Amino acid sequence: MMSCCYKSQTERNVCFSRIQSSHSLFLLIFRMVRSMSKLSAALAVSASLLCASAYDNSRTDNIAAYWGQNSYGATHSDQANWQTNLAHYCQDSSIDVIPLAFLHVFFSTGGLPEINMANSCNEADNGVFAGTSLANCQFMASDIKTCQAAGKIITLSLGGATGAATFSSDAQAETFAETVWNLFLGGSSSTRPFGDAVLDGVDLDIEGGSSTGYVAFVNKIRSLSASASKAYYITAAPQCVFPDAYLGSVISAVGFDAIYVQFYNNWCGLQNYANDNAWNFGTWDNWAKTSSPNANVKIYIGAPASSTAANTGYVDAGTLSTIAQETRSKYSSFGGVMFWDASQAYANGRIDTTLKNALANGSGGGGGVTTTTQPTTTAPTTTAPATTTTAGSGTGSCASAAAWNSGVAYNGGSQVTYNGHLWTAKWWTQADTPGGGADVWTDNGAALRPRKPLPPKPRP
C-alpha cells in the first residue's frame with residue numbers, strides 16, 4: 001500500500017485517489033493470479049485423468065475382478081455387503097479389469113442371448129426387450145462409462161458354471177460374434193442391453209459343452225474390431241488343470257490378450273502352492289512362451305477373494321501377496337491377479353487393494369493406489385467424476401497414449417504405452433511389439449502418472 005503526505009485539500013484528494021487506484025490494481029492482480037491458479041489446477045487434474053485412462057495390458061500388476069453374480073450374497077444373508085452398483089467398485093485404482101458376469105445363454109427367445117447380473121440386473125426385476133429374454137440394463141450405461149473414464153476396462157464374460165454356452169458349428173459361432181458385436185461392443189442395435197456404453201471386449205468362462213466354434217467366434221470378433229478406433233480385448237478363464245477341457249484347444253489356436261487361470265476348486269489350486277507336483281503356473285508360463293499364438297499373452301493367478309468364494313484354493317491376503325510376488329519373479333508371462341469376485345473382495349478387507357499394493361510397490365509395479373470419488377448413479381445419464389486424487393510415483397513423463405494392442409494398426413507418430421514406457425511409431429505398423437526386432441518403435445522412456453496436488457481421500 002502506498003503512502004503520501006499533503007499540504008492542501010487538493011493534494012489530499014489526489015493522494016486518496018492514488019491509494020484507491022492502487023487498491024483496485026492490487027485486487028485485479030490478485031483475482032488474475034487466483035484464476036490462473038485455478039486454471040493450472042484444472043489442467044493438472046485433466047492431464048492426470050488422461051494418464052489414468054490408459055489401461056496397459058502389458059503390465060505385471062493388473063488386478064481383474066469379476067462383477068455381476070453377487071458371490072457374497074450367495075453365501076451371506078447380511079445385505080450390507082451384497083453386490084452394489086458397478087461404479088462403486090471403480091472409486092480407486094485397485095481393480096483394472098472388470099468382466100461382467102454373465103452372458104449365460106447364447107440363443108434364447110427371438111434369437112438373442114440372455115444376461116444375468118444377479119441382484120444388479122436381471123430379466124425378472126428389470127424387464128426385457130420386446131420379443132426376447134434379454135434383460136434391459138441400460139441404466140448401467142453411466143456406471144460403465146464412469147469406470148472406463150477412471151482407467152478400467154469393462155468386458156463381458158460369456159458362459160459361467162451353469163451357462164448354456166455352446167455352438168453347433170463355426171458358422172453359428174461367427175453369426176453369434178456379430179450379435180455380440182452389435183449388442184455390446186462397437187456395432188449398433190435397437191436392443192443394446194447397456195445402451196450407448198461400449199464394452200472393451202469379451203471374456204470366455206466356458207465350463208461345459210464343447211470347444212466347437214470358439215476359434216471362429218474369436219477370429220470374427222478380431223475381424224470386426226480390426227478397424228475400430230479403440231482397442232478390444234479377448235480373455236479366457238480356464239481351469240488350472242492343463243490343458244483345459246473346454247478352452248485348451250481354443251487358446252492354442254487363436255490369440256488371447258490375457259488368461260485368468262482358475263487356481264481354485266482343483267488339485268492344482270493355490271492351497272497346493274508349496275507342492276511342485278501340483279502348483280503348475282510354470283506349465284502355463286511355458287505354454288505362453290512356446291504355444292500361444294500371441295507371444296505377449298499375460299497369465300493371471302485366478303484366486304477366490306474370500307474363503308466363501310470357492311470350495312478350495314483360498315489363501316489369505318498376505319500369503320497370496322507372497323505367492324504373486326514370487327510367481328512374478330520367476331515367470332515373465334505373469335500379468336497380475338484375478339479375483340472371484342468383487343463383492344467378496346470388498347467384504348474381505350479389500351484383498352484386491354492389498355494385492356494391488358503388493359504388486360505395484362514391488363519390482364515391475366508402478367506407483368500406489370489411486371482413489372477416485374465417483375458419483376453414484378442409477379439412471380442412464382453421463383456424469384463427470386467429481387474428484388480424483390492419486391498417491392503414486394514414477395520416473396518419466398506422462399502421456400495420454402493408450403496401451404499398445406497387437407490388433408490395432410498405428411501410423412507413424414502414434415504413441416502407445418508398453419511395459420511401463422512411452423513409445424512412438426516410426427512408421428505404419430501393426431502387431432510389431434515395441435522394443436521388438438522389427439525396430440519400428442522409438443522408446444521415449446518411462447511413463448509417469450503424475451501426482452496430483454491434493455492428498456488422497458480415504459477409501460470407502
# chains A, B, ... in the order shown; residues from 1 in each chain; ligands from 1
call {"tool": "residues_around", "arguments": {"residues": "range 187-201 of chain A", "least_positions_apart": "4", "cutoff": "7 Å", "atoms": "only C-alpha atoms", "output": "list in words"}}
result
Phe129, Ala135, Asn136, Cys137, Gln138, Met140, Ala141, Ile144, Lys145, Ile153, Ile154, Thr155, Leu156, Trp181, Asn182, Leu183, Tyr232, Tyr233 and Ile234 of chain A
call {"tool": "select_by_dssp", "arguments": {"residues": "range 149-378 of chain A", "states": "helix (DSSP H, G or I)", "output": "ChimeraX atom specification"}}
result
/A:149,170-184,214-225,248-251,270-272,281-290,317-330,342-347,351-360
call {"tool": "closest_residue", "arguments": {"among": "A:Gly336, A:Gly413, A:Gly248, A:Gly73", "to": "Ala236 in chain A", "atoms": "only C-alpha atoms"}}
result
A:Gly248
call {"tool": "residues_around", "arguments": {"residues": "Ala295 in chain A", "least_positions_apart": "4", "cutoff": "12 Å", "atoms": "only C-alpha atoms", "output": "ChimeraX atom specification"}}
result
/A:58,251-252,254-258,285-291,299,332-333,406,431-433,436
